[in-house]
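Undergrad: Provided below: upload-v7.cif, containing mmCIF, C-alpha atoms.
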data_work
loop_
_atom_site.label_atom_id
_atom_site.label_comp_id
_atom_site.auth_asym_id
_atom_site.auth_seq_id
_atom_site.Cartn_x
_atom_site.Cartn_y
_atom_site.Cartn_z
CA MET A 1 203.43 -0.74 64.38
CA SER A 2 200.51 -2.83 63.29
CA GLU A 3 200.56 -5.05 60.25
CA VAL A 4 199.32 -3.96 56.84
CA LYS A 5 195.54 -3.58 56.62
CA ILE A 6 194.01 -4.24 53.22
CA HIS A 7 190.24 -4.02 52.94
CA PRO A 8 188.67 -7.15 51.40
CA LEU A 9 187.23 -5.05 48.57
CA ALA A 10 190.56 -3.45 47.64
CA VAL A 11 192.82 -4.70 44.82
CA VAL A 12 196.57 -4.87 45.49
CA GLU A 13 198.51 -6.38 42.61
CA LYS A 14 201.26 -8.91 43.16
CA GLY A 15 204.61 -7.10 43.31
CA ALA A 16 203.40 -4.06 45.22
CA GLU A 17 205.48 -3.33 48.33
CA LEU A 18 203.59 -2.16 51.43
CA ASP A 19 205.48 -1.30 54.61
CA LEU A 20 204.20 -1.91 58.14
CA GLY A 21 201.14 0.04 59.16
CA VAL A 22 199.93 0.77 55.62
CA GLU A 23 196.14 0.82 55.22
CA ILE A 24 194.32 0.30 51.92
CA GLY A 25 190.63 1.22 51.86
CA PRO A 26 187.68 -0.39 50.06
CA TYR A 27 187.69 -0.37 46.24
CA ALA A 28 191.17 1.16 46.18
CA PHE A 29 193.68 -0.11 43.61
CA VAL A 30 197.44 -0.44 44.13
CA GLY A 31 199.53 -1.42 41.10
CA CYS A 32 202.29 -3.99 40.90
CA ARG A 33 205.17 -1.46 40.79
CA VAL A 34 204.03 0.71 43.68
CA ARG A 35 206.02 1.03 46.90
CA ILE A 36 204.27 2.56 49.91
CA GLY A 37 206.05 3.53 53.14
CA ALA A 38 205.04 2.88 56.72
CA ARG A 39 201.70 4.10 58.08
CA THR A 40 200.54 5.62 54.80
CA ARG A 41 196.79 5.34 54.23
CA VAL A 42 195.11 4.97 50.83
CA GLY A 43 191.42 5.85 50.91
CA ALA A 44 188.39 4.29 49.31
CA HIS A 45 188.36 4.22 45.51
CA ALA A 46 191.81 5.82 45.26
CA VAL A 47 194.16 4.56 42.54
CA VAL A 48 197.91 4.31 43.03
CA THR A 49 199.68 2.88 40.00
CA GLY A 50 202.74 3.18 37.76
CA ASN A 51 206.36 3.25 38.91
CA THR A 52 205.43 5.13 42.05
CA THR A 53 207.25 5.41 45.38
CA ILE A 54 205.44 6.91 48.37
CA GLY A 55 207.08 7.63 51.72
CA GLU A 56 205.80 7.36 55.27
CA ASP A 57 202.74 8.78 57.04
CA ASN A 58 200.99 10.05 53.94
CA GLU A 59 197.23 10.15 53.52
CA ILE A 60 195.74 9.66 50.06
CA PHE A 61 192.04 10.41 50.14
CA ALA A 62 189.11 8.92 48.23
CA PHE A 63 189.17 8.97 44.43
CA ALA A 64 192.67 10.42 44.14
CA SER A 65 194.59 9.22 41.07
CA VAL A 66 198.31 8.81 41.70
CA GLY A 67 200.91 7.57 39.21
CA HIS A 68 199.05 7.36 35.92
CA VAL A 69 200.75 8.11 32.60
CA PRO A 70 201.12 11.81 31.73
CA GLN A 71 198.79 13.81 29.52
CA ASP A 72 201.68 14.64 27.22
CA LEU A 73 201.42 13.67 23.56
CA LYS A 74 205.20 13.23 23.44
CA TYR A 75 205.06 10.44 26.02
CA ARG A 76 205.95 7.12 24.42
CA GLY A 77 205.67 4.73 27.33
CA GLU A 78 209.13 5.39 28.81
CA ASP A 79 209.71 3.94 32.28
CA SER A 80 209.34 7.20 34.17
CA ARG A 81 208.57 7.65 37.85
CA LEU A 82 206.59 9.47 40.50
CA GLU A 83 208.26 10.03 43.88
CA ILE A 84 206.31 11.27 46.90
CA GLY A 85 207.94 12.00 50.26
CA ASN A 86 206.56 11.86 53.80
CA ARG A 87 203.55 13.26 55.64
CA ASN A 88 201.73 14.57 52.59
CA ARG A 89 197.96 14.92 52.37
CA ILE A 90 196.59 14.26 48.90
CA ARG A 91 192.91 15.09 48.94
CA GLU A 92 189.92 13.84 46.96
CA PHE A 93 190.17 13.68 43.15
CA ALA A 94 193.73 15.03 43.05
CA THR A 95 195.80 13.73 40.12
CA LEU A 96 199.57 13.24 40.07
CA HIS A 97 201.30 11.93 36.94
CA LEU A 98 204.55 10.20 36.06
CA GLY A 99 207.47 12.06 34.49
CA THR A 100 208.60 12.04 30.87
CA LEU A 101 211.81 11.65 28.94
CA GLY A 102 211.77 15.35 28.12
CA GLY A 103 211.60 16.37 31.78
CA GLY A 104 214.08 14.15 33.57
CA MET A 105 211.82 11.09 33.88
CA VAL A 106 210.49 11.89 37.35
CA THR A 107 207.74 13.91 39.00
CA ARG A 108 208.59 14.70 42.64
CA VAL A 109 206.61 15.80 45.66
CA GLY A 110 208.57 16.49 48.86
CA ASP A 111 207.42 16.36 52.48
CA ASP A 112 204.57 17.88 54.51
CA ASN A 113 202.57 19.18 51.55
CA LEU A 114 198.82 19.64 51.21
CA LEU A 115 197.31 19.06 47.76
CA MET A 116 193.62 19.90 48.05
CA ASN A 117 190.62 18.56 46.13
CA TYR A 118 190.88 18.39 42.33
CA THR A 119 194.46 19.65 42.16
CA HIS A 120 196.53 18.43 39.22
CA VAL A 121 200.28 17.85 39.37
CA ALA A 122 201.39 17.25 35.79
CA HIS A 123 204.39 15.35 34.45
CA ASP A 124 207.86 16.38 35.63
CA CYS A 125 206.62 18.84 38.26
CA GLN A 126 208.94 19.35 41.22
CA ILE A 127 207.17 20.30 44.44
CA GLY A 128 209.24 21.12 47.52
CA ASN A 129 208.30 20.89 51.19
CA ARG A 130 205.44 22.45 53.18
CA VAL A 131 203.66 23.62 50.04
CA ILE A 132 199.90 24.23 49.93
CA VAL A 133 198.10 23.86 46.62
CA ALA A 134 194.44 24.78 47.05
CA ASN A 135 191.29 23.33 45.49
CA GLY A 136 191.11 23.05 41.72
CA THR A 137 194.60 24.38 41.01
CA GLN A 138 196.22 23.02 37.87
CA LEU A 139 200.01 22.75 37.57
CA GLY A 140 201.24 22.31 34.00
CA GLY A 141 204.18 20.11 33.07
CA HIS A 142 207.66 20.89 34.40
CA VAL A 143 206.41 23.39 36.99
CA ILE A 144 208.66 23.95 40.01
CA VAL A 145 207.07 24.96 43.32
CA GLU A 146 209.62 25.74 46.03
CA ASP A 147 209.35 25.26 49.80
CA TYR A 148 206.56 27.00 51.75
CA ALA A 149 204.80 28.33 48.64
CA VAL A 150 201.00 28.69 48.65
CA ILE A 151 198.90 28.57 45.48
CA GLY A 152 195.31 29.75 45.84
CA ALA A 153 192.24 27.89 44.67
CA LEU A 154 191.31 27.63 40.98
CA SER A 155 194.67 28.92 39.81
CA GLY A 156 196.46 27.75 36.67
CA VAL A 157 200.25 27.61 36.44
CA HIS A 158 201.71 27.43 32.93
CA GLN A 159 204.20 24.72 32.06
CA PHE A 160 207.85 25.44 32.94
CA VAL A 161 206.91 28.21 35.39
CA ARG A 162 208.66 28.42 38.78
CA VAL A 163 206.93 29.53 41.97
CA GLY A 164 209.57 30.60 44.46
CA GLU A 165 210.10 29.89 48.13
CA SER A 166 207.39 31.30 50.43
CA ALA A 167 205.59 32.97 47.51
CA ILE A 168 201.82 33.17 47.51
CA VAL A 169 199.62 33.06 44.41
CA GLY A 170 196.14 34.52 44.86
CA GLY A 171 193.05 32.46 44.12
CA GLY A 172 191.91 32.33 40.50
CA SER A 173 195.24 33.51 39.13
CA MET A 174 196.69 32.53 35.75
CA VAL A 175 200.46 32.35 36.16
CA THR A 176 202.48 32.46 32.94
CA GLN A 177 205.80 33.78 34.29
CA ASP A 178 207.96 32.93 37.29
CA VAL A 179 206.87 34.15 40.72
CA PRO A 180 209.95 35.23 42.72
CA PRO A 181 210.53 33.96 46.26
CA PHE A 182 208.69 35.71 49.11
CA CYS A 183 206.37 37.61 46.73
CA ASN A 184 202.59 37.93 46.32
CA ALA A 185 201.32 37.37 42.75
CA THR A 186 197.67 37.64 41.76
CA GLY A 187 195.56 38.11 38.66
CA ASN A 188 195.04 37.08 35.05
CA ARG A 189 197.87 37.24 33.99
CA ALA A 190 199.41 37.27 37.45
CA THR A 191 201.30 40.39 38.51
CA LEU A 192 203.26 41.13 41.68
CA HIS A 193 201.68 42.90 44.64
CA GLY A 194 204.59 43.20 47.03
CA LEU A 195 205.86 40.58 49.44
CA ASN A 196 204.00 37.75 51.15
CA VAL A 197 204.48 39.47 54.50
CA VAL A 198 201.90 37.37 56.35
CA GLY A 199 203.51 34.15 55.19
CA LEU A 200 207.00 35.34 56.05
CA THR A 201 205.89 36.42 59.52
CA ARG A 202 204.21 33.06 60.15
CA ARG A 203 207.39 31.34 59.03
CA GLY A 204 209.35 33.29 61.65
CA PHE A 205 211.20 35.84 59.52
CA SER A 206 212.33 38.77 61.65
CA PRO A 207 211.05 42.31 61.01
CA GLU A 208 214.58 43.31 59.97
CA LEU A 209 214.84 40.49 57.41
CA ILE A 210 211.43 41.39 55.99
CA ARG A 211 212.58 45.02 55.76
CA GLN A 212 215.66 43.94 53.79
CA LEU A 213 213.58 41.82 51.44
CA LYS A 214 211.20 44.74 50.87
CA ARG A 215 214.17 46.93 50.01
CA ALA A 216 215.51 44.34 47.56
CA TYR A 217 212.03 44.03 46.02
CA ARG A 218 211.80 47.80 45.47
CA ILE A 219 215.23 47.93 43.85
CA VAL A 220 214.49 45.04 41.49
CA PHE A 221 210.91 45.94 40.54
CA ARG A 222 210.40 49.63 41.28
CA SER A 223 213.69 51.39 40.53
CA GLY A 224 213.52 51.34 36.74
CA LEU A 225 216.88 49.58 36.52
CA THR A 226 217.53 46.64 34.26
CA VAL A 227 217.60 43.24 35.95
CA ALA A 228 221.38 43.11 35.74
CA GLU A 229 221.75 46.61 37.19
CA ALA A 230 219.22 45.95 39.96
CA VAL A 231 220.81 42.64 40.95
CA ALA A 232 224.25 44.24 41.10
CA ARG A 233 222.94 47.08 43.27
CA VAL A 234 221.19 44.68 45.67
CA ARG A 235 224.32 42.58 46.03
CA ALA A 236 226.41 45.68 46.71
CA GLU A 237 224.01 47.16 49.27
CA MET A 238 222.86 43.95 51.02
CA PRO A 239 225.65 41.43 50.98
CA ASN A 240 225.66 38.32 53.16
CA VAL A 241 221.88 38.00 53.49
CA PRO A 242 221.05 34.47 52.25
CA GLU A 243 217.35 35.15 51.70
CA VAL A 244 218.07 38.26 49.65
CA GLU A 245 220.61 36.34 47.60
CA ARG A 246 218.06 33.57 46.91
CA PHE A 247 215.56 36.22 45.82
CA ILE A 248 217.84 37.94 43.32
CA ARG A 249 219.37 34.69 42.13
CA PHE A 250 215.88 33.46 41.25
CA VAL A 251 215.18 36.62 39.27
CA GLU A 252 218.43 36.64 37.32
CA THR A 253 218.17 32.95 36.37
CA SER A 254 214.57 33.07 35.14
CA SER A 255 214.22 31.77 31.58
CA ARG A 256 210.52 32.66 31.21
CA GLY A 257 210.86 36.08 32.83
CA VAL A 258 209.27 36.96 36.16
CA CYS A 259 205.91 38.41 37.03
CA ARG A 260 206.02 42.18 37.50
#
Show me, as structure tokens, the structure contained in the file I just sent.
TA:
Amino acid sequence: MSEVKIHPLAVVEKGAELDLGVEIGPYAFVGCRVRIGARTRVGAHAVVTGNTTIGEDNEIFAFASVGHVPQDLKYRGEDSRLEIGNRNRIREFATLHLGTLGGGMVTRVGDDNLLMNYTHVAHDCQIGNRVIVANGTQLGGHVIVEDYAVIGALSGVHQFVRVGESAIVGGGSMVTQDVPPFCNATGNRATLHGLNVVGLTRRGFSPELIRQLKRAYRIVFRSGLTVAEAVARVRAEMPNVPEVERFIRFVETSSRGVCR
């Protein structure tokens, strides 16, 4: 690995920790409490500040703003954090904020995610792995986005909403309730439109597993049963299918209610 490369026009405050192979572009700023892992690149004019830890092989593009204080009027300067994993791409003008006392003190982004231009990741969000958040999408505070989820461009996700594993949210959607795993949600306000079959197929789900998930979906959302009745029926008819169990567990534990 090569040594750290800091452009002469960049500002890196004393106390920042940069691992081998890190590159800092012109006019970028890296604050004194930032830790950046090996081979991560910070582009021109990007700002990385606050109590922020970034893993390896990330790319932070020009004008991104990473680690600033949250836009939460309840924030009182508590020593909260932002944690970013490995191999993420954070595109131009994206904003990622620190956590708050009311949300566990940490905002987290996992591994292998793509946050496109002008996306906003608010305080206390928890983003899993291999998530795609498209251009202009705004995630409110405390939002949870599980692994492999895709959120289309110009969407808004209300605070405290969960977007489940391998779900897809259509472009321009306003999401005010939880989106169950494996589902397709679109609209203002977002409603369900079946499963994310294309995404599940690309992920390698077998036709039989997709068939079982479709059956569970119909029981939960199309049978007219209450949630408790539907969940009990799914568990009785499709035991020992981990993906089905994750689907119904998500639905029965929703505090905001799920999109329908």
Undergrad: Rounded to one decimal place, report the atom CA of A:Glu23-atom CA of A:Pro70 distance in Å.
TA: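 Those two atoms sit 26.4 Å apart.
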Undergrad: Ranking A:Arg41, A:His120, A:His68, A:Arg260 by minimum distance to A:His97 and counting all atoms listed in the file, which one comes first?
TA: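 Nearest candidate to A:His97 out of A:Arg41, A:His120, A:His68, A:Arg260: A:His68.
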Undergrad: Given only C-alpha atoms as the basis, pick out the residue of A:Glu245, A:Glu13, A:Asp178, A:Asp79 nearest to A:Gly31.
TA: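 Between A:Glu245, A:Glu13, A:Asp178, A:Asp79, the residue approaching A:Gly31 most closely is A:Glu13.
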Undergrad: Expand the PyMOL selection byres ((chain A and resi 187) around 9) into the individual residues it matches in the shown file, reporting them as a list in words.
TA: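 Selection result, ordered by chain and number: Val169, Gly170, Gly171, Gly172, Ser173, Met174, Val175, Ala185, Thr186, Asn188, Arg189, Ala190, Thr191 and Leu192 of chain A.
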Undergrad: Can you tell me how far atom CA of A:Asn135 sits from atom CA of A:Val121, in Å to one decimal?
TA: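 That distance, rounded to one decimal, is 12.2 Å.
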Undergrad: Of the residues A:Thr201, A:Gln126, A:Gln138, A:Ser166, which is the one nearest to A:Pro180, using only C-alpha atoms?
TA: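 Going through A:Thr201, A:Gln126, A:Gln138, A:Ser166 one by one, the smallest distance to A:Pro180 is for A:Ser166.
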Undergrad: For the file shown, what are the residues hit by the PyMOL selection byres ((chain A and resi 238) around 12), laid out as an mmCIF file with C-alpha atoms, in the coordinates of the input?
TA:
data_model
loop_
_atom_site.group_PDB
_atom_site.id
_atom_site.type_symbol
_atom_site.label_atom_id
_atom_site.label_comp_id
_atom_site.auth_asym_id
_atom_site.auth_seq_id
_atom_site.Cartn_x
_atom_site.Cartn_y
_atom_site.Cartn_z
ATOM 1 C CA LEU A 209 214.840 40.490 57.410
ATOM 2 C CA ARG A 211 212.580 45.020 55.760
ATOM 3 C CA GLN A 212 215.660 43.940 53.790
ATOM 4 C CA LEU A 213 213.580 41.820 51.440
ATOM 5 C CA LYS A 214 211.200 44.740 50.870
ATOM 6 C CA ARG A 215 214.170 46.930 50.010
ATOM 7 C CA ALA A 216 215.510 44.340 47.560
ATOM 8 C CA TYR A 217 212.030 44.030 46.020
ATOM 9 C CA ILE A 219 215.230 47.930 43.850
ATOM 10 C CA ALA A 230 219.220 45.950 39.960
ATOM 11 C CA VAL A 231 220.810 42.640 40.950
ATOM 12 C CA ALA A 232 224.250 44.240 41.100
ATOM 13 C CA ARG A 233 222.940 47.080 43.270
ATOM 14 C CA VAL A 234 221.190 44.680 45.670
ATOM 15 C CA ARG A 235 224.320 42.580 46.030
ATOM 16 C CA ALA A 236 226.410 45.680 46.710
ATOM 17 C CA GLU A 237 224.010 47.160 49.270
ATOM 18 C CA PRO A 239 225.650 41.430 50.980
ATOM 19 C CA ASN A 240 225.660 38.320 53.160
ATOM 20 C CA VAL A 241 221.880 38.000 53.490
ATOM 21 C CA PRO A 242 221.050 34.470 52.250
ATOM 22 C CA GLU A 243 217.350 35.150 51.700
ATOM 23 C CA VAL A 244 218.070 38.260 49.650
ATOM 24 C CA GLU A 245 220.610 36.340 47.600
ATOM 25 C CA PHE A 247 215.560 36.220 45.820
ATOM 26 C CA ILE A 248 217.840 37.940 43.320
#
Undergrad: Tell me which protein, DNA and RNA residues are within 8 Å of A:Gln71, counting only C-alpha atoms, leaving out same-chain ones fewer than 3 positions away, and put them as a VMD selection string.
TA: chain A and resid 75 122 to 123
Undergrad: Quote the spacing between atom CA of A:Arg130 and atom CA of A:Gly199 in Å to one decimal place.
TA: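 Calculated distance between atom CA of A:Arg130 and atom CA of A:Gly199 is 12.0 Å.
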Undergrad: Please provide the set of residues having any atom within 9 Å of A:Cys125, restricted to only C-alpha atoms, with same-chain residues fewer than 4 positions apart removed, written as a list in words.
TA: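 With the cut-off at 9 Å, the set is His97, Gly99, Gly103, Val106, Thr107, Arg108, Val109, Val121, Leu139, Gly140, Gly141, His142, Val143, Ile144, Val145, Gln159 and Phe160 of chain A.
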Undergrad: What's around A:Ala38 at 10 Å? Count all atoms listed in the file, leave out sequence neighbours fewer than 3 positions away in its own chain, and write the answer as number ranges by chain.
TA: A: 1-4, 18-23, 41, 54-58, 86
Undergrad: Tell me which residues the PyMOL selection byres ((chain A and resi 110) around 10) grabs here, as a short mmCIF file (atom, residue, chain, number, x, y, z; two decimals) with C-alpha atoms, in the frame of the given file.
TA:
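Saved result, selection.cif, follows:
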data_model
loop_
_atom_site.label_atom_id
_atom_site.label_comp_id
_atom_site.auth_asym_id
_atom_site.auth_seq_id
_atom_site.Cartn_x
_atom_site.Cartn_y
_atom_site.Cartn_z
CA GLY A 55 207.08 7.63 51.72
CA GLU A 83 208.26 10.03 43.88
CA ILE A 84 206.31 11.27 46.90
CA GLY A 85 207.94 12.00 50.26
CA ASN A 86 206.56 11.86 53.80
CA ARG A 87 203.55 13.26 55.64
CA ASN A 88 201.73 14.57 52.59
CA ARG A 108 208.59 14.70 42.64
CA VAL A 109 206.61 15.80 45.66
CA ASP A 111 207.42 16.36 52.48
CA ASP A 112 204.57 17.88 54.51
CA ASN A 113 202.57 19.18 51.55
CA GLN A 126 208.94 19.35 41.22
CA ILE A 127 207.17 20.30 44.44
CA GLY A 128 209.24 21.12 47.52
CA ASN A 129 208.30 20.89 51.19
CA ARG A 130 205.44 22.45 53.18
CA VAL A 131 203.66 23.62 50.04
CA GLU A 146 209.62 25.74 46.03
CA ASP A 147 209.35 25.26 49.80
#
Undergrad: Would you list the residues near (210.0, 31.8, 48.3) (no more than 6 Å away, in the coordinates of the file, using only C-alpha atoms) as number ranges by chain?
TA: A: 164-167, 181-182
Undergrad: Report, as AutoDock Vina command-line options, the axis-aligned box around all atoms of stretch 15-18 of chain A present in the file, extended by 3 Å on each side; give centre and edge lengths in Å to one decimal place.
TA:
--center_x 204.4 --center_y -4.6 --center_z 47.4 --size_x 8.1 --size_y 10.9 --size_z 14.1
Undergrad: Considering only C-alpha atoms, state which residue in the set A:Val48, A:Ile60, A:Val220, A:Val258 is at the smallest distance from A:Val161.
TA: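 Among A:Val48, A:Ile60, A:Val220, A:Val258, it is A:Val258 that comes nearest to A:Val161.
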Undergrad: May I ask which of the residues A:Gly43, A:Gly104, A:Gly25, A:Gly50 is the closest one to A:Arg89, counting all atoms listed in the file?
TA: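 Smallest separation from A:Arg89 among the options: A:Gly43.
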Undergrad: Find the residues with any atom within 8 Å of (187.3, 9.2, 47.3); use only C-alpha atoms and the coordinates as given in the file, and write the answer as an MDAnalysis selection string.
TA: chainID A and resid 43:46 61:64 92:93
Undergrad: Show which residues sit within 8 Å of A:Ala16, as a PDB file with C-alpha atoms, in the frame of the given file. Count all atoms listed in the file, and ignore same-chain residues fewer than 5 positions away.
TA:
ATOM      1  CA  VAL A  30     197.440  -0.440  44.130  1.00  0.00           C
ATOM      2  CA  GLY A  31     199.530  -1.420  41.100  1.00  0.00           C
ATOM      3  CA  CYS A  32     202.290  -3.990  40.900  1.00  0.00           C
ATOM      4  CA  ARG A  33     205.170  -1.460  40.790  1.00  0.00           C
ATOM      5  CA  VAL A  34     204.030   0.710  43.680  1.00  0.00           C
ATOM      6  CA  ARG A  35     206.020   1.030  46.900  1.00  0.00           C
TER       7      ARG A  35
END
Undergrad: Complete stretch 17-31 of chain A with N, CA and C atoms (output as a PDB file, in the frame of the given file).
TA:
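File written: out.pdb
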ATOM      1  N   GLU A  17     204.769  -3.243  47.054  1.00  0.00           N
ATOM      2  CA  GLU A  17     205.480  -3.330  48.330  1.00  0.00           C
ATOM      3  C   GLU A  17     204.824  -2.378  49.328  1.00  0.00           C
ATOM      4  N   LEU A  18     204.282  -2.937  50.410  1.00  0.00           N
ATOM      5  CA  LEU A  18     203.590  -2.160  51.430  1.00  0.00           C
ATOM      6  C   LEU A  18     204.311  -2.339  52.749  1.00  0.00           C
ATOM      7  N   ASP A  19     204.759  -1.235  53.341  1.00  0.00           N
ATOM      8  CA  ASP A  19     205.480  -1.300  54.610  1.00  0.00           C
ATOM      9  C   ASP A  19     204.494  -1.462  55.765  1.00  0.00           C
ATOM     10  N   LEU A  20     205.032  -1.702  56.966  1.00  0.00           N
ATOM     11  CA  LEU A  20     204.200  -1.910  58.140  1.00  0.00           C
ATOM     12  C   LEU A  20     203.305  -0.705  58.413  1.00  0.00           C
ATOM     13  N   GLY A  21     202.085  -0.993  58.801  1.00  0.00           N
ATOM     14  CA  GLY A  21     201.140   0.040  59.160  1.00  0.00           C
ATOM     15  C   GLY A  21     200.387   0.661  58.005  1.00  0.00           C
ATOM     16  N   VAL A  22     200.663   0.243  56.777  1.00  0.00           N
ATOM     17  CA  VAL A  22     199.930   0.770  55.620  1.00  0.00           C
ATOM     18  C   VAL A  22     198.483   0.282  55.668  1.00  0.00           C
ATOM     19  N   GLU A  23     197.552   1.167  55.291  1.00  0.00           N
ATOM     20  CA  GLU A  23     196.140   0.820  55.220  1.00  0.00           C
ATOM     21  C   GLU A  23     195.606   1.124  53.822  1.00  0.00           C
ATOM     22  N   ILE A  24     194.912   0.163  53.244  1.00  0.00           N
ATOM     23  CA  ILE A  24     194.320   0.300  51.920  1.00  0.00           C
ATOM     24  C   ILE A  24     192.814   0.159  52.061  1.00  0.00           C
ATOM     25  N   GLY A  25     192.070   1.189  51.652  1.00  0.00           N
ATOM     26  CA  GLY A  25     190.630   1.220  51.860  1.00  0.00           C
ATOM     27  C   GLY A  25     189.853   0.455  50.806  1.00  0.00           C
ATOM     28  N   PRO A  26     188.527   0.362  50.981  1.00  0.00           N
ATOM     29  CA  PRO A  26     187.680  -0.390  50.060  1.00  0.00           C
ATOM     30  C   PRO A  26     187.687   0.189  48.644  1.00  0.00           C
ATOM     31  N   TYR A  27     187.724  -0.714  47.669  1.00  0.00           N
ATOM     32  CA  TYR A  27     187.690  -0.370  46.240  1.00  0.00           C
ATOM     33  C   TYR A  27     188.912   0.406  45.770  1.00  0.00           C
ATOM     34  N   ALA A  28     189.913   0.548  46.622  1.00  0.00           N
ATOM     35  CA  ALA A  28     191.170   1.160  46.180  1.00  0.00           C
ATOM     36  C   ALA A  28     191.935   0.169  45.315  1.00  0.00           C
ATOM     37  N   PHE A  29     192.830   0.713  44.477  1.00  0.00           N
ATOM     38  CA  PHE A  29     193.680  -0.110  43.610  1.00  0.00           C
ATOM     39  C   PHE A  29     195.130   0.307  43.804  1.00  0.00           C
ATOM     40  N   VAL A  30     196.008  -0.680  44.008  1.00  0.00           N
ATOM     41  CA  VAL A  30     197.440  -0.440  44.130  1.00  0.00           C
ATOM     42  C   VAL A  30     198.136  -1.326  43.109  1.00  0.00           C
ATOM     43  N   GLY A  31     198.897  -0.696  42.197  1.00  0.00           N
ATOM     44  CA  GLY A  31     199.530  -1.420  41.100  1.00  0.00           C
ATOM     45  C   GLY A  31     200.764  -2.200  41.523  1.00  0.00           C
TER      46      GLY A  31
END
